[in-house]
>>> print(open('entry21.cif').read())   # mmCIF, C-alpha atoms
data_input
#
loop_
_atom_site.group_PDB
_atom_site.id
_atom_site.type_symbol
_atom_site.label_atom_id
_atom_site.label_comp_id
_atom_site.auth_asym_id
_atom_site.auth_seq_id
_atom_site.Cartn_x
_atom_site.Cartn_y
_atom_site.Cartn_z
ATOM 1 C CA MET A 1 81.942 -67.608 13.061
ATOM 2 C CA THR A 2 81.808 -66.855 9.337
ATOM 3 C CA GLY A 3 78.410 -65.214 9.782
ATOM 4 C CA GLU A 4 79.761 -62.972 12.564
ATOM 5 C CA LEU A 5 82.745 -61.976 10.436
ATOM 6 C CA ARG A 6 80.447 -61.122 7.527
ATOM 7 C CA SER A 7 78.312 -58.970 9.823
ATOM 8 C CA LEU A 8 81.386 -57.033 10.898
ATOM 9 C CA LEU A 9 82.638 -56.573 7.357
ATOM 10 C CA SER A 10 79.444 -55.564 5.600
ATOM 11 C CA ARG A 11 76.753 -53.159 6.725
ATOM 12 C CA ARG A 12 74.237 -54.938 4.490
ATOM 13 C CA ARG A 13 74.761 -58.110 6.515
ATOM 14 C CA GLN A 14 73.720 -56.464 9.792
ATOM 15 C CA PRO A 15 70.358 -58.007 10.755
ATOM 16 C CA PRO A 16 67.547 -55.420 10.514
ATOM 17 C CA GLY A 17 66.556 -54.121 13.944
ATOM 18 C CA THR A 18 63.006 -53.009 13.155
ATOM 19 C CA VAL A 19 60.177 -54.223 10.942
ATOM 20 C CA ALA A 20 60.585 -51.096 8.799
ATOM 21 C CA GLU A 21 64.297 -51.871 8.275
ATOM 22 C CA TRP A 22 63.523 -55.505 7.480
ATOM 23 C CA LEU A 23 60.905 -54.474 4.932
ATOM 24 C CA HIS A 24 63.236 -51.867 3.467
ATOM 25 C CA ALA A 25 65.866 -54.559 2.843
ATOM 26 C CA ALA A 26 63.302 -57.106 1.591
ATOM 27 C CA THR A 27 61.777 -54.701 -0.940
ATOM 28 C CA ASP A 28 65.092 -53.260 -2.112
ATOM 29 C CA GLY A 29 65.051 -52.785 -5.888
ATOM 30 C CA LEU A 30 61.368 -53.624 -6.375
ATOM 31 C CA THR A 31 59.054 -51.208 -8.194
ATOM 32 C CA PRO A 32 56.953 -49.000 -5.858
ATOM 33 C CA GLU A 33 53.785 -51.017 -6.680
ATOM 34 C CA ALA A 34 55.463 -54.349 -5.893
ATOM 35 C CA ALA A 35 57.070 -52.957 -2.729
ATOM 36 C CA ARG A 36 53.677 -51.648 -1.556
ATOM 37 C CA ARG A 37 52.094 -55.060 -2.068
ATOM 38 C CA VAL A 38 54.917 -56.840 -0.199
ATOM 39 C CA ARG A 39 54.835 -54.357 2.704
ATOM 40 C CA HIS A 40 51.060 -54.751 2.962
ATOM 41 C CA ASP A 41 51.317 -58.554 3.225
ATOM 42 C CA TYR A 42 54.112 -58.464 5.801
ATOM 43 C CA LEU A 43 52.531 -55.740 7.949
ATOM 44 C CA ASN A 44 49.269 -57.709 8.031
ATOM 45 C CA HIS A 45 51.233 -60.781 9.015
ATOM 46 C CA PHE A 46 53.004 -58.804 11.720
ATOM 47 C CA GLN A 47 49.683 -57.572 13.157
ATOM 48 C CA ASP A 48 48.264 -61.123 13.088
ATOM 49 C CA THR A 49 51.307 -62.427 14.932
ATOM 50 C CA ARG A 50 51.109 -59.677 17.558
ATOM 51 C CA ALA A 51 47.389 -60.345 18.051
ATOM 52 C CA ALA A 52 47.844 -64.120 18.394
ATOM 53 C CA GLN A 53 51.082 -64.055 20.408
ATOM 54 C CA PRO A 54 51.293 -60.729 22.299
ATOM 55 C CA ASP A 55 54.249 -61.947 24.372
ATOM 56 C CA LEU A 56 56.522 -62.003 21.289
ATOM 57 C CA THR A 57 58.840 -59.003 20.909
ATOM 58 C CA HIS A 58 59.674 -57.336 17.586
ATOM 59 C CA THR A 59 63.078 -59.028 17.706
ATOM 60 C CA ASP A 60 61.473 -62.460 18.209
ATOM 61 C CA ILE A 61 59.183 -61.877 15.242
ATOM 62 C CA LEU A 62 61.996 -60.672 12.997
ATOM 63 C CA ARG A 63 64.095 -63.685 13.985
ATOM 64 C CA ARG A 64 61.195 -65.894 12.860
ATOM 65 C CA TRP A 65 60.917 -64.035 9.564
ATOM 66 C CA GLY A 66 64.503 -64.938 8.717
ATOM 67 C CA SER A 67 66.891 -63.146 6.406
ATOM 68 C CA ALA A 68 65.573 -60.044 4.638
ATOM 69 C CA ASP A 69 68.192 -60.574 1.914
ATOM 70 C CA THR A 70 66.837 -64.083 1.223
ATOM 71 C CA ALA A 71 63.313 -62.669 1.085
ATOM 72 C CA ASN A 72 64.509 -59.979 -1.304
ATOM 73 C CA ARG A 73 66.044 -62.569 -3.658
ATOM 74 C CA GLY A 74 62.774 -64.529 -3.708
ATOM 75 C CA LEU A 75 60.651 -61.426 -4.166
ATOM 76 C CA ARG A 76 62.820 -60.229 -7.045
ATOM 77 C CA ARG A 77 62.043 -63.507 -8.843
ATOM 78 C CA ALA A 78 58.292 -62.959 -8.482
ATOM 79 C CA HIS A 79 57.968 -59.187 -8.803
ATOM 80 C CA LEU A 80 58.979 -56.510 -11.245
ATOM 81 C CA THR A 81 62.175 -54.748 -10.207
ATOM 82 C CA VAL A 82 63.092 -51.164 -11.093
ATOM 83 C CA ARG A 83 65.688 -52.578 -13.490
ATOM 84 C CA ASP A 84 63.067 -54.877 -15.086
ATOM 85 C CA ALA A 85 60.750 -51.890 -15.549
ATOM 86 C CA ARG A 86 63.453 -50.088 -17.557
ATOM 87 C CA ARG A 87 63.630 -53.058 -19.940
ATOM 88 C CA LEU A 88 59.929 -52.981 -20.722
ATOM 89 C CA PRO A 89 58.708 -51.384 -23.951
ATOM 90 C CA PRO A 90 57.120 -47.935 -23.667
ATOM 91 C CA ARG A 91 53.453 -47.988 -22.656
ATOM 92 C CA HIS A 92 52.487 -45.383 -25.246
ATOM 93 C CA LEU A 93 54.290 -44.496 -28.448
ATOM 94 C CA SER A 94 53.386 -41.610 -30.746
ATOM 95 C CA LEU A 95 53.957 -41.770 -34.497
ATOM 96 C CA SER A 96 56.334 -38.806 -34.404
ATOM 97 C CA GLY A 97 58.225 -40.365 -31.477
ATOM 98 C CA SER A 98 58.588 -43.627 -33.357
ATOM 99 C CA LEU A 99 59.839 -41.885 -36.521
ATOM 100 C CA TRP A 100 62.191 -39.673 -34.496
ATOM 101 C CA SER A 101 63.754 -42.733 -32.839
ATOM 102 C CA THR A 102 64.996 -43.919 -36.249
ATOM 103 C CA SER A 103 66.827 -40.668 -36.946
ATOM 104 C CA ALA A 104 69.988 -41.719 -35.087
ATOM 105 C CA PRO A 105 70.514 -45.061 -36.897
ATOM 106 C CA ALA A 106 69.526 -43.432 -40.210
ATOM 107 C CA ALA A 107 72.089 -40.655 -39.646
ATOM 108 C CA GLY A 108 74.736 -43.231 -38.688
ATOM 109 C CA LEU A 109 73.990 -45.232 -41.810
ATOM 110 C CA THR A 110 74.226 -42.084 -43.965
ATOM 111 C CA VAL A 111 77.602 -41.134 -42.499
ATOM 112 C CA ALA A 112 78.896 -44.691 -42.997
ATOM 113 C CA ALA A 113 77.625 -44.847 -46.577
ATOM 114 C CA LEU A 114 78.658 -41.281 -47.524
ATOM 115 C CA PRO A 115 81.982 -42.180 -49.217
ATOM 116 C CA ASP A 116 80.232 -44.827 -51.371
ATOM 117 C CA LEU A 117 77.276 -42.525 -52.089
ATOM 118 C CA ARG A 118 79.655 -39.767 -53.320
ATOM 119 C CA ARG A 119 81.092 -42.216 -55.792
ATOM 120 C CA GLY A 120 77.554 -43.125 -56.832
ATOM 121 C CA GLU A 121 77.905 -46.618 -55.379
ATOM 122 C CA ALA A 122 75.682 -48.567 -52.980
ATOM 123 C CA VAL A 123 72.737 -46.227 -53.605
ATOM 124 C CA THR A 124 70.230 -49.110 -53.848
ATOM 125 C CA PRO A 125 71.210 -50.849 -50.560
ATOM 126 C CA PHE A 126 71.366 -47.453 -48.848
ATOM 127 C CA LEU A 127 67.851 -46.518 -49.943
ATOM 128 C CA LEU A 128 66.678 -50.038 -49.104
ATOM 129 C CA SER A 129 68.154 -49.741 -45.599
ATOM 130 C CA VAL A 130 66.585 -46.321 -44.967
ATOM 131 C CA GLY A 131 63.319 -47.769 -46.280
ATOM 132 C CA ILE A 132 63.562 -50.705 -43.857
ATOM 133 C CA LEU A 133 64.166 -48.296 -40.969
ATOM 134 C CA THR A 134 61.154 -46.160 -41.920
ATOM 135 C CA VAL A 135 58.892 -49.188 -42.380
ATOM 136 C CA LEU A 136 60.060 -50.519 -39.000
ATOM 137 C CA ALA A 137 59.288 -47.167 -37.363
ATOM 138 C CA LEU A 138 55.756 -47.236 -38.793
ATOM 139 C CA LEU A 139 55.372 -50.902 -37.858
ATOM 140 C CA ARG A 140 56.652 -50.152 -34.342
ATOM 141 C CA TRP A 141 54.099 -47.400 -33.870
ATOM 142 C CA TRP A 142 51.298 -49.541 -35.328
ATOM 143 C CA VAL A 143 52.138 -52.583 -33.170
ATOM 144 C CA LEU A 144 52.860 -50.748 -29.909
ATOM 145 C CA SER A 145 49.749 -48.578 -30.101
ATOM 146 C CA ARG A 146 47.638 -51.740 -29.930
ATOM 147 C CA PRO A 147 46.753 -53.854 -26.845
ATOM 148 C CA LEU A 148 49.063 -56.890 -26.781
ATOM 149 C CA PRO A 149 50.000 -59.449 -24.093
ATOM 150 C CA PRO A 150 53.157 -58.176 -22.320
ATOM 151 C CA THR A 151 55.580 -60.826 -23.664
ATOM 152 C CA ARG A 152 54.412 -60.336 -27.267
ATOM 153 C CA ARG A 153 54.651 -56.609 -26.782
ATOM 154 C CA ALA A 154 58.250 -56.941 -25.554
ATOM 155 C CA ALA A 155 59.204 -59.161 -28.509
ATOM 156 C CA ALA A 156 57.469 -56.843 -31.006
ATOM 157 C CA SER A 157 59.150 -53.813 -29.464
ATOM 158 C CA TRP A 158 62.570 -55.455 -29.745
ATOM 159 C CA LEU A 159 62.016 -56.584 -33.342
ATOM 160 C CA THR A 160 60.920 -53.123 -34.430
ATOM 161 C CA ALA A 161 63.499 -51.205 -32.357
ATOM 162 C CA PRO A 162 65.708 -48.828 -34.388
ATOM 163 C CA LEU A 163 68.815 -50.819 -33.416
ATOM 164 C CA SER A 164 67.219 -54.076 -34.590
ATOM 165 C CA GLY A 165 66.337 -52.236 -37.812
ATOM 166 C CA ALA A 166 69.909 -51.027 -38.129
ATOM 167 C CA LEU A 167 71.144 -54.599 -37.634
ATOM 168 C CA MET A 168 68.829 -55.876 -40.339
ATOM 169 C CA ALA A 169 69.808 -52.994 -42.606
ATOM 170 C CA GLY A 170 73.486 -53.769 -41.939
ATOM 171 C CA LEU A 171 72.845 -57.397 -42.790
ATOM 172 C CA VAL A 172 71.134 -56.378 -46.044
ATOM 173 C CA VAL A 173 74.112 -54.162 -46.967
ATOM 174 C CA ALA A 174 76.609 -56.933 -46.116
ATOM 175 C CA LEU A 175 74.702 -59.559 -48.140
ATOM 176 C CA TRP A 176 74.299 -57.142 -51.046
ATOM 177 C CA SER A 177 77.999 -56.326 -50.986
ATOM 178 C CA LEU A 178 78.890 -60.031 -50.909
ATOM 179 C CA HIS A 179 76.509 -60.624 -53.808
ATOM 180 C CA THR A 180 77.941 -57.793 -55.920
ATOM 181 C CA GLY A 181 81.538 -58.603 -55.016
ATOM 182 C CA THR A 182 82.203 -55.268 -53.233
ATOM 183 C CA LEU A 183 82.823 -57.343 -50.144
ATOM 184 C CA THR A 184 84.685 -60.624 -50.482
ATOM 185 C CA PRO A 185 84.693 -63.453 -47.926
ATOM 186 C CA ASP A 186 88.454 -62.880 -47.463
ATOM 187 C CA ARG A 187 87.870 -59.218 -46.529
ATOM 188 C CA LEU A 188 85.079 -60.269 -44.174
ATOM 189 C CA ILE A 189 87.392 -62.777 -42.451
ATOM 190 C CA ALA A 190 90.137 -60.133 -42.247
ATOM 191 C CA TRP A 191 87.619 -57.668 -40.726
ATOM 192 C CA SER A 192 86.540 -60.242 -38.154
ATOM 193 C CA ARG A 193 90.130 -60.190 -36.792
ATOM 194 C CA GLU A 194 90.016 -56.433 -36.136
ATOM 195 C CA PRO A 195 89.092 -55.116 -32.660
ATOM 196 C CA ALA A 196 86.320 -52.982 -34.208
ATOM 197 C CA SER A 197 84.520 -56.138 -35.317
ATOM 198 C CA TRP A 198 84.649 -57.506 -31.748
ATOM 199 C CA VAL A 199 82.971 -54.321 -30.521
ATOM 200 C CA VAL A 200 80.254 -54.721 -33.172
ATOM 201 C CA VAL A 201 79.741 -58.422 -32.386
ATOM 202 C CA GLY A 202 79.743 -57.643 -28.654
ATOM 203 C CA TYR A 203 77.118 -54.959 -29.066
ATOM 204 C CA VAL A 204 74.955 -57.175 -31.279
ATOM 205 C CA THR A 205 75.186 -59.952 -28.661
ATOM 206 C CA PHE A 206 74.232 -57.436 -25.955
ATOM 207 C CA HIS A 207 71.253 -56.293 -28.020
ATOM 208 C CA ILE A 208 70.073 -59.885 -28.535
ATOM 209 C CA TRP A 209 70.522 -60.563 -24.798
ATOM 210 C CA ARG A 210 68.307 -57.536 -24.104
ATOM 211 C CA LEU A 211 65.457 -59.354 -25.858
ATOM 212 C CA SER A 212 65.529 -62.175 -23.302
ATOM 213 C CA LEU A 213 65.725 -59.631 -20.438
ATOM 214 C CA ALA A 214 62.738 -57.721 -21.807
ATOM 215 C CA VAL A 215 60.705 -60.920 -22.277
ATOM 216 C CA ASN A 216 61.527 -62.062 -18.723
ATOM 217 C CA ALA A 217 60.547 -58.674 -17.313
ATOM 218 C CA SER A 218 57.297 -58.637 -19.265
ATOM 219 C CA ARG A 219 56.454 -62.144 -17.978
ATOM 220 C CA LYS A 220 56.549 -60.748 -14.452
ATOM 221 C CA LEU A 221 54.451 -57.801 -15.572
ATOM 222 C CA GLY A 222 51.956 -60.156 -17.225
ATOM 223 C CA ALA A 223 51.734 -62.195 -14.040
ATOM 224 C CA GLY A 224 51.261 -59.066 -11.977
ATOM 225 C CA THR A 225 48.481 -57.723 -14.136
ATOM 226 C CA ALA A 226 46.747 -61.059 -14.809
ATOM 227 C CA MET B 1 62.575 -82.018 -4.191
ATOM 228 C CA ASN B 2 64.386 -79.109 -2.533
ATOM 229 C CA ALA B 3 63.168 -76.966 0.391
ATOM 230 C CA ARG B 4 61.676 -74.339 -1.909
ATOM 231 C CA GLU B 5 59.668 -76.916 -3.862
ATOM 232 C CA GLN B 6 58.523 -78.518 -0.602
ATOM 233 C CA LEU B 7 57.265 -75.170 0.672
ATOM 234 C CA ARG B 8 55.369 -74.600 -2.585
ATOM 235 C CA MET B 9 53.751 -78.030 -2.246
ATOM 236 C CA LEU B 10 52.790 -77.367 1.382
ATOM 237 C CA ILE B 11 51.207 -74.014 0.495
ATOM 238 C CA LEU B 12 49.178 -75.585 -2.310
ATOM 239 C CA ALA B 13 48.098 -78.407 0.026
ATOM 240 C CA VAL B 14 46.938 -75.927 2.696
ATOM 241 C CA LEU B 15 44.992 -73.902 0.126
ATOM 242 C CA ASP B 16 43.448 -77.094 -1.263
ATOM 243 C CA ARG B 17 41.232 -77.215 1.826
ATOM 244 C CA GLN B 18 40.110 -73.590 1.850
ATOM 245 C CA PRO B 19 41.245 -70.074 0.951
ATOM 246 C CA GLU B 20 43.510 -68.557 3.620
ATOM 247 C CA HIS B 21 45.544 -65.445 4.301
ATOM 248 C CA GLY B 22 49.320 -65.543 4.770
ATOM 249 C CA TYR B 23 49.421 -65.846 8.540
ATOM 250 C CA ALA B 24 46.864 -68.698 8.535
ATOM 251 C CA ILE B 25 48.903 -70.566 5.888
ATOM 252 C CA ALA B 26 52.024 -70.370 8.053
ATOM 253 C CA GLN B 27 50.025 -71.502 11.099
ATOM 254 C CA ALA B 28 48.407 -74.378 9.206
ATOM 255 C CA ILE B 29 51.789 -75.721 8.072
ATOM 256 C CA ASN B 30 53.074 -75.537 11.634
ATOM 257 C CA THR B 31 49.966 -77.054 13.232
ATOM 258 C CA ARG B 32 49.384 -79.850 10.727
ATOM 259 C CA SER B 33 53.017 -80.937 10.950
ATOM 260 C CA GLU B 34 52.708 -80.897 14.778
ATOM 261 C CA GLY B 35 55.374 -78.198 15.002
ATOM 262 C CA LEU B 36 57.930 -80.086 12.890
ATOM 263 C CA LEU B 37 57.665 -77.777 9.885
ATOM 264 C CA ARG B 38 57.779 -73.994 9.964
ATOM 265 C CA ALA B 39 57.450 -71.703 6.982
ATOM 266 C CA ARG B 40 59.710 -68.725 7.610
ATOM 267 C CA GLU B 41 57.933 -65.547 6.598
ATOM 268 C CA GLY B 42 61.036 -64.509 4.663
ATOM 269 C CA THR B 43 60.427 -67.403 2.271
ATOM 270 C CA LEU B 44 56.646 -67.815 2.646
ATOM 271 C CA TYR B 45 55.590 -64.603 0.902
ATOM 272 C CA PRO B 46 58.102 -64.842 -1.973
ATOM 273 C CA ALA B 47 56.761 -68.394 -2.541
ATOM 274 C CA LEU B 48 53.138 -67.206 -2.359
ATOM 275 C CA HIS B 49 53.789 -64.364 -4.785
ATOM 276 C CA ALA B 50 55.677 -66.652 -7.182
ATOM 277 C CA LEU B 51 52.816 -69.184 -7.130
ATOM 278 C CA GLU B 52 50.417 -66.354 -7.876
ATOM 279 C CA ALA B 53 52.628 -65.097 -10.714
ATOM 280 C CA GLU B 54 52.538 -68.609 -12.202
ATOM 281 C CA GLY B 55 48.749 -68.698 -11.940
ATOM 282 C CA LEU B 56 48.701 -71.598 -9.454
ATOM 283 C CA ILE B 57 46.980 -69.483 -6.819
ATOM 284 C CA GLU B 58 45.081 -66.200 -6.891
ATOM 285 C CA SER B 59 44.474 -63.571 -4.272
ATOM 286 C CA GLN B 60 41.800 -61.092 -3.381
ATOM 287 C CA GLU B 61 41.671 -58.312 -0.827
ATOM 288 C CA HIS B 62 38.892 -58.262 1.782
ATOM 289 C CA GLU B 63 37.962 -55.716 4.393
ATOM 290 C CA VAL B 64 37.892 -57.469 7.772
ATOM 291 C CA ALA B 65 37.403 -55.468 11.013
ATOM 292 C CA GLY B 66 38.737 -52.301 9.417
ATOM 293 C CA ARG B 67 41.784 -54.053 7.968
ATOM 294 C CA THR B 68 42.432 -54.991 4.365
ATOM 295 C CA ARG B 69 43.345 -58.678 4.268
ATOM 296 C CA ARG B 70 44.652 -60.551 1.261
ATOM 297 C CA GLU B 71 43.220 -64.029 0.908
ATOM 298 C CA TYR B 72 44.875 -66.648 -1.285
ATOM 299 C CA ARG B 73 42.974 -69.409 -3.044
ATOM 300 C CA LEU B 74 43.938 -72.328 -5.280
ATOM 301 C CA THR B 75 43.211 -72.071 -9.008
ATOM 302 C CA GLU B 76 42.344 -75.024 -11.276
ATOM 303 C CA LYS B 77 45.905 -74.892 -12.621
ATOM 304 C CA GLY B 78 47.155 -75.019 -9.036
ATOM 305 C CA ARG B 79 44.940 -78.000 -8.233
ATOM 306 C CA ALA B 80 46.380 -79.896 -11.195
ATOM 307 C CA ALA B 81 49.929 -78.935 -10.159
ATOM 308 C CA LEU B 82 49.250 -80.117 -6.605
ATOM 309 C CA ALA B 83 47.968 -83.473 -7.863
ATOM 310 C CA ARG B 84 51.178 -83.934 -9.906
ATOM 311 C CA THR B 85 53.377 -82.885 -7.000
ATOM 312 C CA ARG B 86 51.551 -85.241 -4.632
ATOM 313 C CA ARG B 87 52.164 -88.152 -7.019
ATOM 314 C CA ASP B 88 55.875 -87.255 -7.293
ATOM 315 C CA TRP B 89 56.184 -86.900 -3.529
ATOM 316 C CA GLN B 90 54.466 -90.241 -2.893
ATOM 317 C CA ALA B 91 56.785 -91.896 -5.389
ATOM 318 C CA GLN B 92 59.829 -90.393 -3.643
ATOM 319 C CA VAL B 93 58.604 -91.366 -0.179
ATOM 320 C CA GLY B 94 57.864 -94.875 -1.454
ATOM 321 C CA ALA B 95 61.344 -95.151 -2.976
ATOM 322 C CA VAL B 96 63.084 -93.970 0.207
ATOM 323 C CA GLN B 97 60.876 -96.270 2.286
ATOM 324 C CA ALA B 98 61.806 -99.212 0.091
ATOM 325 C CA VAL B 99 65.513 -98.513 0.588
ATOM 326 C CA LEU B 100 65.152 -97.983 4.343
ATOM 327 C CA GLY B 101 63.063 -101.102 4.733
ATOM 328 C CA GLY B 102 65.564 -103.193 2.743
ATOM 329 C CA GLY B 103 68.510 -102.115 4.926
ATOM 330 C CA SER B 104 67.387 -103.911 8.093
#
>>> encode(input="entry21.cif", output="structure tokens")
Amino acid sequence: MTGELRSLLSRRRQPPGTVAEWLHAATDGLTPEAARRVRHDYLNHFQDTRAAQPDLTHTDILRRWGSADTANRGLRRAHLTVRDARRLPPRHLSLSGSLWSTSAPAAGLTVAALPDLRRGEAVTPFLLSVGILTVLALLRWWVLSRPLPPTRRAAASWLTAPLSGALMAGLVVALWSLHTGTLTPDRLIAWSREPASWVVVGYVTFHIWRLSLAVNASRKLGAGTA
Amino acid sequence: MNAREQLRMLILAVLDRQPEHGYAIAQAINTRSEGLLRAREGTLYPALHALEAEGLIESQEHEVAGRTRREYRLTEKGRAALARTRRDWQAQVGAVQAVLGGGS
């Protein structure tokens, strides 16, 4: 009863009528390479079944195959999805591309530090932060232009990403400011109560979470290319 | 051991005898269990591909009668995993048997 109701309510729940529809649902979201592999296996299986049991209709065979949605969930665990592929580090990275990618965080840092820089303050941490970003860009290019196992490549890409560099630079500035007394623990606690700090913490958490997503995606890639 | 783990164990056990393609694996599970067990294709291939991704099995394409067939075979890592799973399964069966036997 519940199953029938679901079928009426959702088009996705309608059982596929043809092998092509079943395969379309089962490979939904997979990368073209993974989808091709899956289709090849299932079409071979279909031909074997037809050869061994010619009396079976397409509907009988599809009923035996079971839910395409269940297959899709299982296949997404084993294969790279389109979303996974977006989380992977770039395959090739040029030196100019790597340096260019740091321009946005460097510009942001400059704008943020501009009032202090005009007063002649925080010049050292600012230069240190820009230096960290530049070194990271060079390191990123050096690391990613080398052959590395996929999971190490994902971790290295994350560590040397401009945003990770900006986070480290921000940390350096915060620690420096605490050390010099420009920033006091009381001000830091007061800042942590402001909505802006929640946005920053949220974004940092999201960035850290992206590391685990990239590593998971690269594990699938590593398995697929092994 | 849930249904997914059982299917993985059955696939490894079938491939322990000889390399097979997907259809033959499904048939072997059905035949050896005298029709009691059936690997639905919707779960068979995701399980096969996951086992391959974990390095427990490997596959190779062959040209047979004008068709490209993918044959799966057990790896050394898979053989070790199967041995562990067999031990666990035997222990579970033994435990359930002990309880069932004691209830009469």
>>> resolve_selection(input="entry21.cif", expression="the PyMOL selection byres ((chain B) within 10 of (chain A))", output="JSON, numbers by chain")
{"B": [21, 22, 23, 24, 26, 27, 38, 39, 40, 41, 42, 43, 44, 45, 46, 47, 48, 49, 50, 51, 52, 53, 54, 55, 58, 67, 68, 69, 70]}
>>> closest_residue(input="entry21.cif", among="B:Leu10, B:Leu56, B:Arg4, B:Ile25", to="B:Gly78", atoms="only C-alpha atoms")
B:Leu56
>>> atom_distance(input="entry21.cif", atom1="atom CA of A:Val172", atom2="atom CA of A:Ser212")
24.1 Å
>>> atom_distance(input="entry21.cif", atom1="atom CA of A:His207", atom2="atom CA of A:Thr27")
28.7 Å
>>> atom_distance(input="entry21.cif", atom1="atom CA of A:Leu80", atom2="atom CA of A:Leu148")
18.4 Å
>>> residues_around(input="entry21.cif", residues="stretch 120-134 of chain A", least_positions_apart="2", cutoff="10 Å", atoms="only C-alpha atoms", output="ChimeraX atom specification")
/A:98-103,105-107,109-110,112-118,136-140,160-177,180,182
>>> resolve_selection(input="entry21.cif", expression="the PyMOL selection byres ((chain B and resi 59) around 6)", output="JSON, numbers by chain")
{"B": [58, 60, 71, 72]}
>>> closest_residue(input="entry21.cif", among="A:Thr205, A:Glu33, A:Gly181, A:His58", to="A:Glu21", atoms="only C-alpha atoms")
A:His58
>>> axis_aligned_box(input="entry21.cif", around="stretch 52-64 of chain B", padding_each_side="8 Å", output="AutoDock Vina command-line options")
--center_x 45.3 --center_y -63.7 --center_z -2.2 --size_x 30.7 --size_y 31.9 --size_z 36.0
>>> resolve_selection(input="entry21.cif", expression="the PyMOL selection byres ((chain B and resi 16) around 10)", output="list in words")
Leu10, Ile11, Leu12, Ala13, Val14, Leu15, Arg17, Gln18, Pro19, Glu20, Arg73, Leu74, Thr75, Gly78, Arg79 and Leu82 of chain B
>>> build_atoms(input="entry21.cif", residues="stretch 142-153 of chain A", atoms="N, CA, C and O atoms", output="mmCIF file, keeping the file's coordinate frame")
data_model
loop_
_atom_site.group_PDB
_atom_site.id
_atom_site.type_symbol
_atom_site.label_atom_id
_atom_site.label_comp_id
_atom_site.auth_asym_id
_atom_site.auth_seq_id
_atom_site.Cartn_x
_atom_site.Cartn_y
_atom_site.Cartn_z
ATOM 1 N N TRP A 142 52.558 -48.825 -35.107
ATOM 2 C CA TRP A 142 51.298 -49.541 -35.328
ATOM 3 C C TRP A 142 51.135 -50.672 -34.300
ATOM 4 O O TRP A 142 50.081 -50.841 -33.715
ATOM 5 N N VAL A 143 52.206 -51.437 -34.092
ATOM 6 C CA VAL A 143 52.138 -52.583 -33.170
ATOM 7 C C VAL A 143 51.992 -52.112 -31.723
ATOM 8 O O VAL A 143 51.135 -52.596 -30.987
ATOM 9 N N LEU A 144 52.834 -51.141 -31.325
ATOM 10 C CA LEU A 144 52.860 -50.748 -29.909
ATOM 11 C C LEU A 144 51.694 -49.848 -29.499
ATOM 12 O O LEU A 144 51.508 -49.588 -28.320
ATOM 13 N N SER A 145 50.916 -49.377 -30.482
ATOM 14 C CA SER A 145 49.749 -48.578 -30.101
ATOM 15 C C SER A 145 48.512 -49.464 -29.953
ATOM 16 O O SER A 145 47.402 -48.989 -29.793
ATOM 17 N N ARG A 146 48.725 -50.767 -30.034
ATOM 18 C CA ARG A 146 47.638 -51.740 -29.930
ATOM 19 C C ARG A 146 47.752 -52.545 -28.626
ATOM 20 O O ARG A 146 48.881 -52.743 -28.149
ATOM 21 N N PRO A 147 46.627 -53.029 -28.064
ATOM 22 C CA PRO A 147 46.753 -53.854 -26.845
ATOM 23 C C PRO A 147 47.310 -55.240 -27.190
ATOM 24 O O PRO A 147 46.779 -55.921 -28.063
ATOM 25 N N LEU A 148 48.409 -55.599 -26.539
ATOM 26 C CA LEU A 148 49.063 -56.890 -26.781
ATOM 27 C C LEU A 148 49.436 -57.514 -25.435
ATOM 28 O O LEU A 148 49.720 -56.774 -24.492
ATOM 29 N N PRO A 149 49.488 -58.852 -25.334
ATOM 30 C CA PRO A 149 50.000 -59.449 -24.093
ATOM 31 C C PRO A 149 51.448 -58.981 -23.867
ATOM 32 O O PRO A 149 52.184 -58.783 -24.848
ATOM 33 N N PRO A 150 51.848 -58.771 -22.602
ATOM 34 C CA PRO A 150 53.157 -58.176 -22.320
ATOM 35 C C PRO A 150 54.361 -58.840 -23.018
ATOM 36 O O PRO A 150 55.229 -58.135 -23.526
ATOM 37 N N THR A 151 54.404 -60.182 -23.061
ATOM 38 C CA THR A 151 55.580 -60.826 -23.664
ATOM 39 C C THR A 151 55.630 -60.578 -25.180
ATOM 40 O O THR A 151 56.692 -60.330 -25.738
ATOM 41 N N ARG A 152 54.459 -60.611 -25.816
ATOM 42 C CA ARG A 152 54.412 -60.336 -27.267
ATOM 43 C C ARG A 152 54.791 -58.884 -27.536
ATOM 44 O O ARG A 152 55.447 -58.576 -28.525
ATOM 45 N N ARG A 153 54.353 -58.034 -26.650
ATOM 46 C CA ARG A 153 54.651 -56.609 -26.782
ATOM 47 C C ARG A 153 56.165 -56.374 -26.681
ATOM 48 O O ARG A 153 56.736 -55.603 -27.452
#
